[in-house]
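Below you'll find the structure, written out as structure tokens, and then a few comments.
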Amino acid sequence: MPEIVRLHTENYGVYGCRKMHALLRRQGWVIGRDQTERLMRRAGVRGVQRSKRVFTTKPDPAQAKPKDLVQRRVTADAPRKLWVADVTYVATWSGFAYVAFVTDVYSRRIVGWNVASTLKADVLPLQALNMAAWAADGKLDGLIHHANHGSNYLAVVYTDRIEELGAKPSTGTVGDSYENALAEAVNGLYKTELIRRRGPWRTVEQVELATLEYVWWWNNQRLHGELDMRTPIEVEQAYYADQKSDLPATAGQETR
């Protein structure tokens, strides 16, 4: 029980029975799922529940829109093939903090992010995109960048930057609940696992520091059920190891 409490605390206090059981097995414990559930109940720890979806971007009907290159097929057979992007917000005592994420669909790794006090395209999402491009050494030829119809993602400064990097901009269908489901899922988990559990938030800078720590945990330590209880970094490492040995790579690709 003390080990369960420790691991639960180290992982933002969000793991339910399924992920706690997987984590204990990874730590070397010989334990069943039912036993894990009983011990968690006795220790008074449990997973968190996600809240309802909140819209943070608004479409501008006057702007030209890139074609939908995804067509609800939110899957990729390798890293750096399909990125999805979205924005969320955090209320602080000094005003709103807006947060932009760019996520690789293959591994679910957050490859770029930014926190700012404005939604402006050249400040918030563009910096997240530039971070992702820098981490990829600017090698984005053929990559599809998929986002919603928010005006900041349709801004010329943003779509021009995507094309400058050799990638292809894509937007989904208005009113389609699946058109950017993975990006919205990342936002929802971020709000559930970090923002609502660690608040109230005083400043934008406080949110930025906490987000930095959360993104590292998400990529390097968080177990993802859609990745067979692996981390995004493990999935990418397995892919590149398979490429070196000419073995086929597999990864969980479900977005729901």
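Within each chain, counting starts at residue 1; across the structure tokens, chains are named A, B, ... in the order shown, with ligands numbered 1 upward in that order.
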* Which residues come within 12 Å of segment 230-244 of chain A, counting only C-alpha atoms, excluding same-chain residues fewer than 4 positions away, as a ChimeraX atom specification? -> /A:19,22-23,26,77-80,103-111,215-226,248-253
* **Filtered DSSP result for segment 17-231 of chain A, state strand (DSSP E), as a PyMOL selection string** => chain A and resi 82-92+95-104+110-116+144-147+168-171
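Non-sequential neighbours of Ala135 of chain A (distance at most 9 Å, separation of 3 or more positions within a chain, only C-alpha atoms) are A:Val111, A:Gly112, A:Asn130, A:Met131, A:Ala132, A:Gly138.
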Please dump the current selection as a PDB file, in the first residue's frame; keep C-alpha atoms.
ATOM      1  CA  VAL A 111       6.430  17.532 -29.715  1.00  0.00           C
ATOM      2  CA  GLY A 112       5.726  21.234 -29.235  1.00  0.00           C
ATOM      3  CA  ASN A 130       8.570  26.179 -34.038  1.00  0.00           C
ATOM      4  CA  MET A 131       9.482  24.136 -30.955  1.00  0.00           C
ATOM      5  CA  ALA A 132       8.236  20.980 -32.662  1.00  0.00           C
ATOM      6  CA  GLY A 138      13.333  21.069 -39.351  1.00  0.00           C
TER       7      GLY A 138
END
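Take the candidates A:Leu129, A:Arg197, A:Glu213, A:Arg6 and check each one against Pro169 of chain A using only C-alpha atoms; the shortest distance goes to A:Leu129.
Residues with any atom within 9 Å of Pro200 of chain A, counting only C-alpha atoms and excluding same-chain neighbours fewer than 5 positions away, are A:Ala91, A:Thr92, A:Trp93, A:Ile195.
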Writing out the chosen residues with C-alpha atoms as a PDB file, in the first residue's frame:
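Result file is selection19.pdb:
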ATOM      1  CA  ALA A  91      -7.804  30.774 -15.614  1.00  0.00           C
ATOM      2  CA  THR A  92      -5.253  32.469 -13.325  1.00  0.00           C
ATOM      3  CA  TRP A  93      -5.509  35.287 -10.809  1.00  0.00           C
ATOM      4  CA  ILE A 195      -4.739  22.102 -14.105  1.00  0.00           C
TER       5      ILE A 195
END
* For Ile162 of chain A, work out the shell of residues within 12 Å, counting only C-alpha atoms and skipping chain neighbours fewer than 2 positions away, then give it as a ChimeraX atom specification. => /A:66,83,125-130,132-133,138-147,153-160,164-170
* What does the distance between atom CA of Arg33 of chain A and atom CA of Arg18 of chain A come to in Å, to one decimal place? -> 7.1 Å
So which residues of segment 20-222 of chain A fall under helix (DSSP H, G or I) by DSSP, listed as a PDB file with C-alpha atoms, in the first residue's frame?
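Output saved as out_19.pdb:
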ATOM      1  CA  MET A  20      -1.571   1.429 -11.554  1.00  0.00           C
ATOM      2  CA  HIS A  21      -1.587  -2.324 -12.159  1.00  0.00           C
ATOM      3  CA  ALA A  22       0.543  -1.884 -15.290  1.00  0.00           C
ATOM      4  CA  LEU A  23       2.949   0.407 -13.449  1.00  0.00           C
ATOM      5  CA  LEU A  24       3.346  -2.006 -10.544  1.00  0.00           C
ATOM      6  CA  ARG A  25       4.126  -4.827 -12.979  1.00  0.00           C
ATOM      7  CA  ARG A  26       6.732  -2.622 -14.653  1.00  0.00           C
ATOM      8  CA  ARG A  33      -5.473  -6.341 -11.184  1.00  0.00           C
ATOM      9  CA  ASP A  34      -8.159  -7.185  -8.621  1.00  0.00           C
ATOM     10  CA  GLN A  35      -5.597  -7.073  -5.820  1.00  0.00           C
ATOM     11  CA  THR A  36      -4.373  -3.707  -7.100  1.00  0.00           C
ATOM     12  CA  GLU A  37      -7.920  -2.382  -7.028  1.00  0.00           C
ATOM     13  CA  ARG A  38      -8.471  -3.603  -3.467  1.00  0.00           C
ATOM     14  CA  LEU A  39      -5.223  -2.080  -2.217  1.00  0.00           C
ATOM     15  CA  MET A  40      -5.935   1.227  -3.945  1.00  0.00           C
ATOM     16  CA  ARG A  41      -9.357   1.332  -2.321  1.00  0.00           C
ATOM     17  CA  ARG A  42      -7.842   0.626   1.098  1.00  0.00           C
ATOM     18  CA  ALA A  43      -5.172   3.278   0.534  1.00  0.00           C
ATOM     19  CA  LEU A 124       0.834  31.214 -29.135  1.00  0.00           C
ATOM     20  CA  PRO A 125       0.531  28.380 -31.691  1.00  0.00           C
ATOM     21  CA  LEU A 126       3.440  29.508 -33.869  1.00  0.00           C
ATOM     22  CA  GLN A 127       5.918  29.149 -31.025  1.00  0.00           C
ATOM     23  CA  ALA A 128       4.610  25.649 -30.298  1.00  0.00           C
ATOM     24  CA  LEU A 129       5.050  24.752 -33.970  1.00  0.00           C
ATOM     25  CA  ASN A 130       8.570  26.179 -34.038  1.00  0.00           C
ATOM     26  CA  MET A 131       9.482  24.136 -30.955  1.00  0.00           C
ATOM     27  CA  ALA A 132       8.236  20.980 -32.662  1.00  0.00           C
ATOM     28  CA  ALA A 133      10.122  21.820 -35.852  1.00  0.00           C
ATOM     29  CA  TRP A 134      13.333  22.514 -33.926  1.00  0.00           C
ATOM     30  CA  ALA A 135      13.095  19.139 -32.137  1.00  0.00           C
ATOM     31  CA  SER A 151      -8.651  31.634 -36.696  1.00  0.00           C
ATOM     32  CA  ASN A 152      -5.191  31.396 -35.126  1.00  0.00           C
ATOM     33  CA  TYR A 153      -4.507  28.133 -36.988  1.00  0.00           C
ATOM     34  CA  LEU A 154      -5.824  29.557 -40.271  1.00  0.00           C
ATOM     35  CA  VAL A 156      -1.416  33.302 -42.963  1.00  0.00           C
ATOM     36  CA  VAL A 157       1.609  33.585 -40.678  1.00  0.00           C
ATOM     37  CA  TYR A 158       0.872  30.100 -39.351  1.00  0.00           C
ATOM     38  CA  THR A 159      -0.017  28.241 -42.559  1.00  0.00           C
ATOM     39  CA  ASP A 160       2.922  29.864 -44.361  1.00  0.00           C
ATOM     40  CA  ARG A 161       5.259  28.585 -41.657  1.00  0.00           C
ATOM     41  CA  ILE A 162       3.900  25.046 -42.054  1.00  0.00           C
ATOM     42  CA  GLU A 163       4.561  25.126 -45.783  1.00  0.00           C
ATOM     43  CA  GLU A 164       7.964  26.736 -45.274  1.00  0.00           C
ATOM     44  CA  ALA A 181     -10.176  14.126 -31.444  1.00  0.00           C
ATOM     45  CA  LEU A 182      -6.623  13.286 -30.413  1.00  0.00           C
ATOM     46  CA  ALA A 183      -5.613  16.933 -29.969  1.00  0.00           C
ATOM     47  CA  GLU A 184      -8.755  17.551 -27.923  1.00  0.00           C
ATOM     48  CA  ALA A 185      -8.002  14.450 -25.856  1.00  0.00           C
ATOM     49  CA  VAL A 186      -4.554  15.830 -25.007  1.00  0.00           C
ATOM     50  CA  ASN A 187      -6.155  19.097 -23.906  1.00  0.00           C
ATOM     51  CA  GLY A 188      -8.741  17.269 -21.806  1.00  0.00           C
ATOM     52  CA  LEU A 189      -6.168  15.124 -20.024  1.00  0.00           C
ATOM     53  CA  TYR A 190      -3.936  18.137 -19.410  1.00  0.00           C
ATOM     54  CA  LYS A 191      -6.822  19.981 -17.758  1.00  0.00           C
ATOM     55  CA  THR A 192      -7.882  16.898 -15.768  1.00  0.00           C
ATOM     56  CA  GLU A 193      -4.481  15.636 -14.666  1.00  0.00           C
ATOM     57  CA  LEU A 194      -2.694  18.922 -14.018  1.00  0.00           C
ATOM     58  CA  ILE A 195      -4.739  22.102 -14.105  1.00  0.00           C
ATOM     59  CA  ARG A 196      -7.747  21.137 -11.990  1.00  0.00           C
ATOM     60  CA  ARG A 197      -5.665  19.192  -9.468  1.00  0.00           C
ATOM     61  CA  ARG A 198      -2.917  21.746  -8.878  1.00  0.00           C
ATOM     62  CA  VAL A 204       0.804  32.702 -16.505  1.00  0.00           C
ATOM     63  CA  GLU A 205       4.430  31.982 -15.570  1.00  0.00           C
ATOM     64  CA  GLN A 206       3.321  29.497 -12.911  1.00  0.00           C
ATOM     65  CA  VAL A 207       1.223  27.654 -15.493  1.00  0.00           C
ATOM     66  CA  GLU A 208       4.156  27.652 -17.909  1.00  0.00           C
ATOM     67  CA  LEU A 209       6.519  26.026 -15.413  1.00  0.00           C
ATOM     68  CA  ALA A 210       3.942  23.415 -14.403  1.00  0.00           C
ATOM     69  CA  THR A 211       3.231  22.659 -18.071  1.00  0.00           C
ATOM     70  CA  LEU A 212       6.939  22.140 -18.730  1.00  0.00           C
ATOM     71  CA  GLU A 213       7.062  19.508 -15.993  1.00  0.00           C
ATOM     72  CA  TYR A 214       3.805  17.908 -17.137  1.00  0.00           C
ATOM     73  CA  VAL A 215       4.932  17.580 -20.768  1.00  0.00           C
ATOM     74  CA  TRP A 216       8.114  15.839 -19.635  1.00  0.00           C
ATOM     75  CA  TRP A 217       6.064  13.416 -17.552  1.00  0.00           C
ATOM     76  CA  TRP A 218       3.583  12.856 -20.411  1.00  0.00           C
ATOM     77  CA  ASN A 219       6.350  11.984 -22.854  1.00  0.00           C
ATOM     78  CA  ASN A 220       8.727  10.061 -20.615  1.00  0.00           C
TER      79      ASN A 220
END
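For the pair atom CA of Phe101 of chain A and atom CA of Gly47 of chain A, the separation is 23.6 Å.
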* Asked: Out of A:Ala97, A:Met229, A:Ile4, A:Leu82, which residue has the shortest atom-to-atom distance to Trp201 of chain A when counting only C-alpha atoms?
  ->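 Using only C-alpha atoms, Trp201 of chain A sits closest to A:Ala97.
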